[in-house]
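upload02.cif (mmCIF, C-alpha atoms) appears below.
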data_target
#
loop_
_atom_site.label_atom_id
_atom_site.label_comp_id
_atom_site.auth_asym_id
_atom_site.auth_seq_id
_atom_site.Cartn_x
_atom_site.Cartn_y
_atom_site.Cartn_z
CA MET A 1 12.20 18.74 38.69
CA THR A 2 10.80 22.08 37.60
CA ARG A 3 7.83 22.11 35.29
CA GLU A 4 9.87 23.68 32.49
CA ARG A 5 12.39 20.88 32.65
CA GLN A 6 9.61 18.31 32.72
CA LEU A 7 8.12 19.91 29.63
CA VAL A 8 11.39 19.99 27.76
CA GLY A 9 12.02 16.40 28.79
CA ALA A 10 8.66 15.28 27.46
CA PHE A 11 9.06 16.99 24.11
CA VAL A 12 12.63 15.72 23.73
CA GLU A 13 11.50 12.18 24.50
CA MET A 14 8.76 12.40 21.90
CA ALA A 15 11.08 13.93 19.32
CA ASP A 16 13.43 11.00 19.94
CA THR A 17 10.55 8.66 19.18
CA LEU A 18 9.95 10.23 15.79
CA VAL A 19 12.77 8.39 14.10
CA VAL A 20 12.62 6.09 11.12
CA ASP A 21 10.33 3.13 11.70
CA PHE A 22 8.78 4.44 14.92
CA ASP A 23 5.56 2.98 16.23
CA VAL A 24 2.66 5.38 16.17
CA ALA A 25 0.75 3.40 18.83
CA GLU A 26 3.64 3.71 21.29
CA LEU A 27 4.05 7.43 20.62
CA LEU A 28 0.37 8.09 21.28
CA HIS A 29 0.48 6.16 24.53
CA GLN A 30 3.55 8.12 25.66
CA LEU A 31 1.69 11.26 24.85
CA ALA A 32 -1.34 10.28 26.91
CA ASP A 33 1.01 9.58 29.82
CA HIS A 34 2.71 12.97 29.46
CA CYS A 35 -0.67 14.72 29.51
CA VAL A 36 -1.40 13.18 32.88
CA GLU A 37 2.03 14.07 34.29
CA LEU A 38 2.37 17.58 32.90
CA LEU A 39 -1.18 18.80 33.16
CA GLU A 40 -2.10 17.06 36.37
CA ALA A 41 -5.00 15.44 34.56
CA ALA A 42 -6.57 12.35 36.08
CA ALA A 43 -6.93 10.68 32.69
CA ALA A 44 -6.13 11.48 29.08
CA GLY A 45 -7.13 9.91 25.80
CA LEU A 46 -6.57 10.46 22.09
CA MET A 47 -9.41 9.92 19.64
CA LEU A 48 -9.06 9.70 15.87
CA ALA A 49 -11.80 9.90 13.25
CA ASP A 50 -12.16 7.37 10.45
CA GLU A 51 -13.31 8.11 6.91
CA ARG A 52 -16.94 8.14 8.07
CA ASN A 53 -16.18 10.59 10.90
CA THR A 54 -16.65 7.99 13.61
CA LEU A 55 -14.29 8.68 16.51
CA HIS A 56 -12.17 5.85 17.88
CA ILE A 57 -10.01 5.83 20.97
CA VAL A 58 -6.42 5.08 19.93
CA ALA A 59 -4.50 5.66 23.15
CA ALA A 60 -5.33 6.36 26.79
CA SER A 61 -3.35 7.03 29.94
CA SER A 62 -5.17 4.17 31.61
CA GLU A 63 -6.62 1.18 29.83
CA ARG A 64 -9.41 0.70 32.34
CA THR A 65 -12.26 -0.59 30.23
CA ARG A 66 -14.74 1.72 31.92
CA LEU A 67 -12.61 4.69 30.91
CA LEU A 68 -12.36 3.45 27.32
CA GLU A 69 -16.14 3.28 27.26
CA LEU A 70 -16.33 6.91 28.33
CA PHE A 71 -14.25 7.91 25.31
CA GLN A 72 -16.28 5.77 22.96
CA LEU A 73 -19.55 7.12 24.28
CA GLN A 74 -18.61 10.48 22.77
CA ASN A 75 -19.60 9.35 19.30
CA HIS A 76 -23.09 10.29 20.40
CA GLN A 77 -22.45 13.25 22.67
CA GLY A 78 -19.64 14.86 24.59
CA PRO A 79 -16.77 17.35 24.42
CA CYS A 80 -14.71 15.26 21.95
CA LEU A 81 -17.52 15.15 19.43
CA ASP A 82 -18.17 18.90 19.79
CA CYS A 83 -14.46 19.65 19.54
CA PHE A 84 -14.14 17.45 16.46
CA ASP A 85 -17.17 19.09 14.81
CA SER A 86 -16.14 22.66 15.56
CA GLY A 87 -12.35 22.37 15.46
CA GLU A 88 -12.25 24.50 18.61
CA PRO A 89 -11.19 23.57 22.15
CA VAL A 90 -14.06 22.63 24.45
CA ARG A 91 -13.60 23.57 28.13
CA VAL A 92 -15.84 22.18 30.81
CA PRO A 93 -14.42 23.19 34.19
CA ASP A 94 -17.43 21.78 36.01
CA LEU A 95 -19.13 18.67 34.67
CA ALA A 96 -22.06 19.11 37.04
CA ALA A 97 -23.05 22.17 35.01
CA ALA A 98 -22.90 20.22 31.73
CA ALA A 99 -25.69 17.77 32.50
CA GLU A 100 -28.07 19.55 30.17
CA ARG A 101 -25.61 19.74 27.30
CA TRP A 102 -24.57 16.07 27.40
CA PRO A 103 -26.80 14.22 29.89
CA VAL A 104 -25.48 10.71 29.24
CA PHE A 105 -21.84 11.70 29.01
CA ALA A 106 -21.89 13.97 32.09
CA ASP A 107 -23.60 11.25 34.05
CA HIS A 108 -21.11 8.53 33.12
CA ALA A 109 -18.10 10.80 33.63
CA GLN A 110 -19.22 11.85 37.11
CA GLU A 111 -19.99 8.27 38.00
CA GLN A 112 -16.32 7.54 37.39
CA GLY A 113 -15.23 10.35 39.68
CA PHE A 114 -14.46 13.02 37.10
CA ALA A 115 -15.43 16.63 37.75
CA SER A 116 -13.94 18.48 34.75
CA VAL A 117 -13.20 17.72 31.11
CA HIS A 118 -11.36 19.42 28.26
CA ALA A 119 -11.09 18.52 24.58
CA LEU A 120 -8.51 19.91 22.14
CA PRO A 121 -8.50 19.39 18.38
CA LEU A 122 -5.90 17.34 16.54
CA ARG A 123 -5.60 19.64 13.61
CA LEU A 124 -3.77 19.48 10.31
CA ARG A 125 -4.29 22.89 8.72
CA SER A 126 -8.03 22.96 8.02
CA THR A 127 -8.58 19.24 8.60
CA ILE A 128 -9.50 17.98 12.06
CA ILE A 129 -8.35 14.39 12.45
CA GLY A 130 -9.42 13.80 16.06
CA ALA A 131 -9.29 15.20 19.59
CA LEU A 132 -7.27 15.05 22.79
CA ASN A 133 -9.49 14.48 25.81
CA LEU A 134 -8.45 15.39 29.37
CA PHE A 135 -10.31 14.55 32.56
CA GLY A 136 -9.82 16.05 36.03
CA THR A 137 -11.17 15.07 39.42
CA THR A 138 -11.72 18.59 40.74
CA PRO A 139 -14.01 21.21 39.18
CA THR A 140 -11.30 23.63 38.09
CA PRO A 141 -10.75 25.43 34.81
CA MET A 142 -7.51 24.70 33.00
CA SER A 143 -5.15 27.68 32.98
CA GLU A 144 -4.23 29.36 29.70
CA ALA A 145 -0.67 28.10 30.16
CA ASP A 146 -1.86 24.52 30.60
CA LEU A 147 -4.15 24.81 27.59
CA LYS A 148 -1.16 25.85 25.51
CA VAL A 149 0.84 22.87 26.73
CA ALA A 150 -2.11 20.60 25.99
CA GLN A 151 -2.47 21.97 22.47
CA GLY A 152 1.29 21.51 22.01
CA LEU A 153 0.96 17.86 22.99
CA ALA A 154 -2.04 17.48 20.66
CA ASP A 155 0.07 18.93 17.85
CA VAL A 156 2.84 16.42 18.55
CA ALA A 157 0.28 13.63 18.24
CA THR A 158 -0.84 15.00 14.88
CA ILE A 159 2.76 15.30 13.69
CA GLY A 160 3.43 11.77 14.88
CA ILE A 161 0.53 10.35 12.90
CA LEU A 162 1.59 12.24 9.81
CA GLN A 163 5.34 11.80 10.24
CA GLU A 164 5.24 8.44 8.57
CA ARG A 165 4.12 10.23 5.43
CA ALA A 166 7.60 11.60 5.04
CA ILE A 167 9.01 8.12 5.54
CA ARG A 168 6.56 6.28 3.34
CA ARG A 169 6.72 8.31 0.20
CA GLY A 170 3.41 9.25 -1.32
CA SER A 171 1.40 7.96 1.58
CA THR A 172 -1.86 9.83 2.21
CA LEU A 173 -3.62 11.03 5.35
CA THR A 174 -6.25 8.30 4.96
CA GLU A 175 -3.56 5.64 4.79
CA GLN A 176 -1.97 6.94 8.00
CA LEU A 177 -5.24 7.22 9.89
CA GLN A 178 -6.40 3.78 8.82
CA HIS A 179 -3.08 2.37 9.95
CA ALA A 180 -3.25 4.06 13.35
CA LEU A 181 -6.84 2.90 13.84
CA ASN A 182 -6.08 -0.66 12.85
CA SER A 183 -3.04 -0.72 15.17
CA ARG A 184 -5.39 0.05 17.99
CA VAL A 185 -7.69 -2.84 17.04
CA ILE A 186 -4.67 -5.16 17.04
CA ILE A 187 -3.79 -4.00 20.57
CA GLU A 188 -7.33 -4.71 21.80
CA GLN A 189 -7.25 -8.18 20.23
CA ALA A 190 -3.84 -8.88 21.79
CA LYS A 191 -5.11 -7.79 25.22
CA GLY A 192 -7.92 -10.30 24.85
CA VAL A 193 -5.67 -13.12 23.67
CA LEU A 194 -3.27 -12.66 26.58
CA ALA A 195 -6.15 -12.31 29.07
CA GLY A 196 -7.69 -15.54 27.77
CA ARG A 197 -4.40 -17.42 27.75
CA GLU A 198 -3.18 -16.33 31.18
CA SER A 199 -6.55 -15.98 32.91
CA ILE A 200 -5.97 -12.35 33.82
CA ASP A 201 -8.18 -9.34 33.13
CA VAL A 202 -7.76 -7.28 29.97
CA ASP A 203 -6.48 -4.19 31.78
CA GLU A 204 -3.67 -6.19 33.38
CA ALA A 205 -2.96 -7.75 29.97
CA PHE A 206 -2.21 -4.34 28.47
CA THR A 207 0.17 -3.43 31.29
CA ARG A 208 2.10 -6.63 30.66
CA ILE A 209 2.22 -6.19 26.89
CA ARG A 210 3.45 -2.63 27.15
CA SER A 211 6.12 -3.27 29.76
CA TYR A 212 7.32 -6.37 27.89
CA ALA A 213 7.59 -4.32 24.67
CA ARG A 214 9.58 -1.66 26.49
CA SER A 215 11.98 -3.91 28.31
CA ASN A 216 12.62 -5.98 25.18
CA ASN A 217 12.82 -3.00 22.87
CA LEU A 218 9.95 -4.19 20.69
CA ARG A 219 7.44 -2.02 18.88
CA LEU A 220 4.13 -2.13 20.72
CA THR A 221 2.12 -2.84 17.55
CA ASP A 222 4.50 -5.58 16.40
CA LEU A 223 4.38 -7.37 19.76
CA ALA A 224 0.60 -7.01 19.90
CA HIS A 225 0.31 -8.44 16.38
CA ALA A 226 2.54 -11.40 17.27
CA ILE A 227 0.46 -12.11 20.39
CA ALA A 228 -2.85 -11.70 18.56
CA THR A 229 -1.84 -14.11 15.81
CA GLY A 230 -0.30 -16.65 18.19
CA GLN A 231 3.25 -16.12 16.93
CA HIS A 232 4.39 -14.88 20.32
CA SER A 233 3.22 -17.31 22.94
CA ALA A 234 5.81 -16.80 25.70
CA ARG A 235 4.40 -15.90 29.09
CA LEU A 236 4.57 -12.18 29.73
CA SER A 237 4.91 -12.30 33.48
CA VAL A 238 5.58 -9.21 35.53
CA MET B 1 -8.55 -9.42 -4.71
CA MET B 2 -6.14 -11.71 -2.91
CA VAL B 3 -6.82 -13.96 0.02
CA ASP B 4 -4.48 -15.31 2.64
CA GLU B 5 -0.72 -15.28 3.00
CA ARG B 6 -0.22 -18.98 2.36
CA ARG B 7 -2.73 -19.36 -0.43
CA ARG B 8 -2.07 -16.23 -2.39
CA GLY B 9 -4.26 -15.89 -5.38
CA THR B 10 -7.00 -13.96 -7.05
CA VAL B 11 -10.56 -14.64 -6.02
CA ALA B 12 -12.50 -12.45 -8.42
CA THR B 13 -11.87 -9.75 -11.00
CA SER B 14 -14.29 -7.53 -12.87
CA ASP B 15 -12.60 -7.30 -16.27
CA ALA B 16 -9.51 -8.11 -18.31
CA VAL B 17 -7.47 -5.16 -17.03
CA ALA B 18 -8.22 -6.09 -13.41
CA ASP B 19 -7.27 -9.66 -14.18
CA ARG B 20 -3.96 -8.54 -15.67
CA ILE B 21 -3.34 -6.31 -12.60
CA GLU B 22 -3.76 -9.28 -10.29
CA GLN B 23 -1.76 -11.76 -12.32
CA LEU B 24 1.15 -9.36 -12.74
CA GLN B 25 1.36 -8.53 -9.06
CA PHE B 26 1.49 -12.17 -8.02
CA GLY B 27 3.93 -13.03 -10.73
CA LEU B 28 6.27 -10.18 -9.86
CA GLY B 29 5.65 -10.00 -6.13
CA GLU B 30 5.23 -6.23 -6.21
CA GLY B 31 2.41 -3.74 -6.57
CA PRO B 32 -0.12 -1.85 -4.45
CA CYS B 33 -1.94 -5.04 -3.48
CA ILE B 34 1.19 -6.77 -2.20
CA GLU B 35 2.28 -3.61 -0.37
CA SER B 36 -1.15 -3.18 1.19
CA PHE B 37 -1.17 -6.76 2.40
CA THR B 38 2.33 -6.69 3.93
CA THR B 39 2.02 -3.23 5.53
CA ARG B 40 -1.62 -3.76 6.62
CA ARG B 41 -2.63 -0.33 5.35
CA PRO B 42 -4.47 1.11 2.34
CA VAL B 43 -2.33 2.07 -0.65
CA LEU B 44 -3.88 4.90 -2.61
CA ALA B 45 -2.15 5.78 -5.89
CA ALA B 46 -4.40 8.49 -7.32
CA ASP B 47 -1.95 9.52 -10.02
CA TRP B 48 -0.73 6.26 -11.46
CA ALA B 49 1.60 7.93 -14.00
CA SER B 50 3.85 9.31 -11.26
CA GLU B 51 3.20 6.96 -8.34
CA SER B 52 3.63 3.74 -10.28
CA ARG B 53 7.39 4.34 -10.11
CA ARG B 54 7.26 2.66 -6.71
CA TRP B 55 6.58 -0.63 -8.54
CA PRO B 56 8.54 -0.35 -11.79
CA ALA B 57 8.29 -3.94 -13.02
CA PHE B 58 4.57 -4.11 -12.34
CA ALA B 59 3.92 -0.73 -13.99
CA ASP B 60 5.92 -1.81 -17.06
CA GLY B 61 3.77 -4.89 -17.44
CA LEU B 62 0.51 -2.97 -17.74
CA GLU B 63 -0.73 -1.84 -21.10
CA ALA B 64 0.16 1.83 -21.51
CA GLY B 65 -2.72 4.10 -20.57
CA SER B 66 -4.94 1.32 -19.25
CA VAL B 67 -4.69 2.50 -15.65
CA GLY B 68 -5.05 6.07 -14.36
CA ALA B 69 -5.32 5.40 -10.65
CA MET B 70 -5.12 2.34 -8.41
CA PHE B 71 -6.32 1.76 -4.86
CA ALA B 72 -5.64 -1.26 -2.67
CA LEU B 73 -7.69 -1.63 0.52
CA PRO B 74 -6.81 -4.30 3.07
CA LEU B 75 -9.60 -6.68 4.07
CA GLN B 76 -8.79 -6.68 7.75
CA ILE B 77 -10.01 -6.25 11.31
CA GLY B 78 -6.96 -5.65 13.49
CA ALA B 79 -4.72 -8.70 13.20
CA ILE B 80 -7.32 -10.56 11.14
CA THR B 81 -6.03 -10.07 7.60
CA LEU B 82 -7.96 -11.86 4.88
CA GLY B 83 -6.77 -10.19 1.72
CA VAL B 84 -6.88 -7.01 -0.29
CA LEU B 85 -9.53 -5.33 -2.41
CA ASP B 86 -7.90 -3.81 -5.51
CA LEU B 87 -9.67 -1.04 -7.39
CA TYR B 88 -8.52 0.77 -10.50
CA ARG B 89 -9.84 3.53 -12.68
CA THR B 90 -8.81 4.50 -16.18
CA ALA B 91 -8.56 8.24 -15.44
CA PRO B 92 -6.23 9.61 -12.75
CA GLY B 93 -7.74 11.15 -9.64
CA SER B 94 -8.42 10.37 -6.02
CA LEU B 95 -11.53 8.58 -4.86
CA GLY B 96 -12.57 11.74 -3.03
CA SER B 97 -15.79 11.32 -1.13
CA ALA B 98 -16.17 7.80 -2.56
CA LEU B 99 -13.23 6.68 -0.39
CA GLY B 100 -15.53 6.26 2.60
CA ASP B 101 -17.79 4.03 0.48
CA ALA B 102 -14.81 2.03 -0.74
CA LEU B 103 -13.60 1.45 2.84
CA LEU B 104 -17.13 0.43 3.81
CA ALA B 105 -17.22 -2.00 0.87
CA ALA B 106 -13.91 -3.50 2.03
CA GLU B 107 -15.30 -3.91 5.54
CA THR B 108 -18.48 -5.54 4.23
CA VAL B 109 -16.46 -7.94 2.09
CA THR B 110 -14.30 -8.81 5.12
CA LEU B 111 -17.34 -9.70 7.22
CA ALA B 112 -18.92 -11.65 4.37
CA LEU B 113 -15.71 -13.63 3.84
CA LEU B 114 -15.47 -14.43 7.55
CA ASP B 115 -19.06 -15.67 7.62
CA ALA B 116 -18.62 -17.66 4.42
CA HIS B 117 -15.46 -19.23 5.81
CA GLU B 118 -17.34 -20.33 8.91
CA ARG B 119 -20.46 -21.83 7.35
CA GLY B 120 -18.86 -23.45 4.33
CA PRO B 121 -20.24 -23.48 0.79
CA ASP B 122 -23.68 -24.88 1.67
CA GLY B 123 -24.50 -22.88 4.77
CA ASP B 124 -27.11 -20.21 4.91
CA GLY B 125 -26.10 -18.49 8.11
CA ASP B 126 -26.53 -14.77 8.21
CA HIS B 127 -25.20 -13.16 11.32
CA GLY B 128 -27.82 -10.50 11.34
CA GLY B 129 -25.94 -8.15 9.07
CA GLU B 130 -25.19 -5.93 12.04
CA ARG B 131 -23.10 -3.08 10.72
CA PHE B 132 -19.84 -3.38 12.47
CA SER B 133 -17.80 -0.30 13.20
CA ALA B 134 -20.40 2.43 12.87
CA SER B 135 -23.23 0.96 14.90
CA LEU B 136 -20.90 -0.68 17.38
CA SER B 137 -18.63 2.28 18.01
CA GLU B 138 -19.56 2.29 21.66
CA THR B 139 -18.74 -1.34 22.22
CA GLU B 140 -16.05 -1.97 19.62
CA VAL B 141 -13.25 -2.08 22.17
CA GLN B 142 -15.07 -4.85 24.02
CA VAL B 143 -15.79 -6.73 20.79
CA TYR B 144 -12.09 -6.73 19.84
CA GLN B 145 -11.03 -7.71 23.36
CA ALA B 146 -13.61 -10.49 23.55
CA THR B 147 -12.49 -11.78 20.16
CA GLY B 148 -8.95 -12.04 21.52
CA LEU B 149 -10.14 -13.59 24.74
CA ILE B 150 -12.02 -16.38 22.96
CA SER B 151 -8.98 -16.95 20.75
CA GLY B 152 -6.63 -17.13 23.75
CA GLU B 153 -8.91 -19.34 25.86
CA LEU B 154 -9.86 -21.82 23.17
CA GLY B 155 -6.62 -21.70 21.21
CA VAL B 156 -8.41 -20.85 17.96
CA PRO B 157 -7.40 -18.16 15.43
CA LEU B 158 -8.87 -14.67 15.76
CA GLU B 159 -10.89 -15.13 12.57
CA GLU B 160 -12.70 -18.09 14.07
CA ALA B 161 -13.10 -16.43 17.47
CA PHE B 162 -14.69 -13.39 15.87
CA VAL B 163 -17.16 -15.48 13.85
CA ARG B 164 -18.07 -17.52 16.94
CA LEU B 165 -18.70 -14.37 18.95
CA ARG B 166 -21.04 -13.02 16.30
CA ALA B 167 -22.74 -16.37 15.77
CA HIS B 168 -23.32 -16.75 19.51
CA ALA B 169 -24.95 -13.32 19.68
CA PHE B 170 -27.05 -13.96 16.59
CA ALA B 171 -28.28 -17.36 17.76
CA ARG B 172 -29.46 -15.84 21.03
CA ASP B 173 -30.80 -12.68 19.48
CA ARG B 174 -28.40 -10.54 21.49
CA LEU B 175 -26.18 -7.63 20.49
CA VAL B 176 -22.56 -8.54 19.80
CA GLY B 177 -21.38 -5.82 22.19
CA GLU B 178 -23.45 -7.23 25.05
CA VAL B 179 -22.11 -10.73 24.57
CA ALA B 180 -18.58 -9.28 24.38
CA ARG B 181 -19.03 -7.58 27.76
CA ASP B 182 -20.21 -10.86 29.29
CA ILE B 183 -17.21 -12.68 27.90
CA ILE B 184 -14.72 -10.09 29.20
CA ALA B 185 -16.36 -10.19 32.64
CA ARG B 186 -16.17 -14.02 32.45
CA ARG B 187 -19.94 -14.24 32.92
CA ILE B 188 -20.17 -16.49 29.90
CA ARG B 189 -17.60 -18.65 28.16
CA LEU B 190 -17.90 -20.01 24.66
CA ASP B 191 -17.04 -23.69 24.88
CA GLY B 192 -15.27 -25.70 22.21
CA GLU B 193 -18.47 -26.02 20.24
CA GLY B 194 -19.08 -22.25 20.18
#

Go through the file and emit its structure as structure tokens.
Amino acid sequence: MTRERQLVGAFVEMADTLVVDFDVAELLHQLADHCVELLEAAAAGLMLADERNTLHIVAASSERTRLLELFQLQNHQGPCLDCFDSGEPVRVPDLAAAAERWPVFADHAQEQGFASVHALPLRLRSTIIGALNLFGTTPTPMSEADLKVAQGLADVATIGILQERAIRRGSTLTEQLQHALNSRVIIEQAKGVLAGRESIDVDEAFTRIRSYARSNNLRLTDLAHAIATGQHSARLSV
Amino acid sequence: MMVDERRRGTVATSDAVADRIEQLQFGLGEGPCIESFTTRRPVLAADWASESRRWPAFADGLEAGSVGAMFALPLQIGAITLGVLDLYRTAPGSLGSALGDALLAAETVTLALLDAHERGPDGDGDHGGERFSASLSETEVQVYQATGLISGELGVPLEEAFVRLRAHAFARDRLVGEVARDIIARRIRLDGEG
């Protein structure tokens, strides 16, 4: 498939998701997956800020716990924090050269095999609500064309988070962000519950929850909530 | 403030208007508090005069002019939903920069309720008062996962699992995030006694 067709396909798929009663958690995970496919990134993650400007990871292309830690670490230092503070894209084609700027982050990222990192703002007019974070395994700058695609995907994420506002009349940005953040907490709890119940690791638990939600046409957040609260206790085998 | 799906009711109110707000909502089954609880999200009605149309029966039951704005904040951590903190003000207007403080208050109340639930009316346990989401931002994912893991392994509700995790850390003078990592890696396991 040509890249153009891939791009169109991705945007059409996401537009299809933005229907009444869509699940913001699922949309954001789709988006993280598309970033990896379309931009040849090794890993992608979406971070949202809460009311106190603390960044939280809400979706990632891989749920490896070590990778999630790398996103979270950026509340202290890293491209996501800088991008969130400035509202501008942060490009780091070579992480080795960023050791002075973010010693702890650069160290951890390289330890996990990453060589480049980019962060793009999730922007609603003058408000920055979070950042899209992309990691690569080779020290190469992202092309202008790829940056545009990445910003387009970041904009879709922002629209997705805010879309519900149109559906839930009168709903505010804070309400939407708090909902998206809490959905993520529910998913983490559900991963743990399934891991504890089935004696598997938490990364495997997420894979099972997501594929079960897809094949049974369930909203990711709803299934996660049912698992977390013990209302869904069927085995989610693969 | 309401607590629990099965035992709906008001725990505390600050004045007569707040009391009326709570009683009406439970009587009618509609209002910001009920909506916040069922949708698991904050409901912020900064301009009560126009936004109260979403809950016509409830709005009708309030004394005219007694409420200018109403805010309902869920007392929750993921799938742990304890209740809702209802706030009102007599003049319309958003909470503005105070919203962050209000959300922090809701979070503090949630943790206090969880601890109180665990130790019962006579207990004196204080789980260190470790601020949750801000200070633990680096380890929060692990804390939520470990909470679920304890719940799944021991077959106890998330509320209880979360309190046990924090109590275990406190009793051993360890950080909650550290204990969470050990639990996820299966290096330690909280037994039935916690």

Proximity to Ile150 (chain B) - best of B:Asp115, B:Asp191, B:Asp15, B:Glu178, all atoms listed in the file
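Residue with the minimum atom-to-atom distance to Ile150 (chain B): B:Asp191.
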
10 Å contacts from chain B to chain A using only C-alpha atoms, as a VMD selection string:
chain B and resid 36 39 to 46 50 to 51 54 73 to 74 76 to 80 97 to 104 133 to 159 183 to 186

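Going from CA of Val90 (chain A) over to CA of Leu120 (chain A), you cover 6.6 Å.
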
For CA of Phe71 (chain B) and CA of Gly160 (chain A), the interatomic separation in Å (one decimal):
24.2 Å

What is the CA of Leu132 (chain A)-CA of Ala15 (chain A) distance in Å, reported with one decimal?
18.7 Å

Evaluate the PyMOL selection byres ((chain A and resi 6) around 12) and record the selected residues as a list of chain:residue names, following the chain and residue labels used in the document.
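Answer for the PyMOL selection byres ((chain A and resi 6) around 12): A:Met1, A:Thr2, A:Arg3, A:Glu4, A:Arg5, A:Leu7, A:Val8, A:Gly9, A:Ala10, A:Phe11, A:Val12, A:Glu13, A:His34, A:Cys35, A:Glu37, A:Leu38, A:Leu39, A:Val149.
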
Run the PyMOL selection byres ((chain A and resi 29) around 10) against the file shown and list the residues it catches, as a list in words.
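With the PyMOL selection byres ((chain A and resi 29) around 10) on this model, the match is Val24, Ala25, Glu26, Leu27, Leu28, Gln30, Leu31, Ala32, Asp33, His34, Cys35, Ala44, Gly45, Leu46, Val58, Ala59, Ala60, Ser61, Ser62, Ala157, Arg210 and Leu220 of chain A.
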
Find the residues with any atom within 6 Å of (-9.4, 9.3, 32.3); use all atoms listed in the file and the coordinates as given in the file, and write the answer as an MDAnalysis selection string.
chainID A and resid 42:44 67 135

Exactly which residues make up the result of the PyMOL selection byres ((chain B and resi 86-95) around 6) on this file, given as a ChimeraX atom specification?
/B:1,46-47,66-72,85,96,98-99
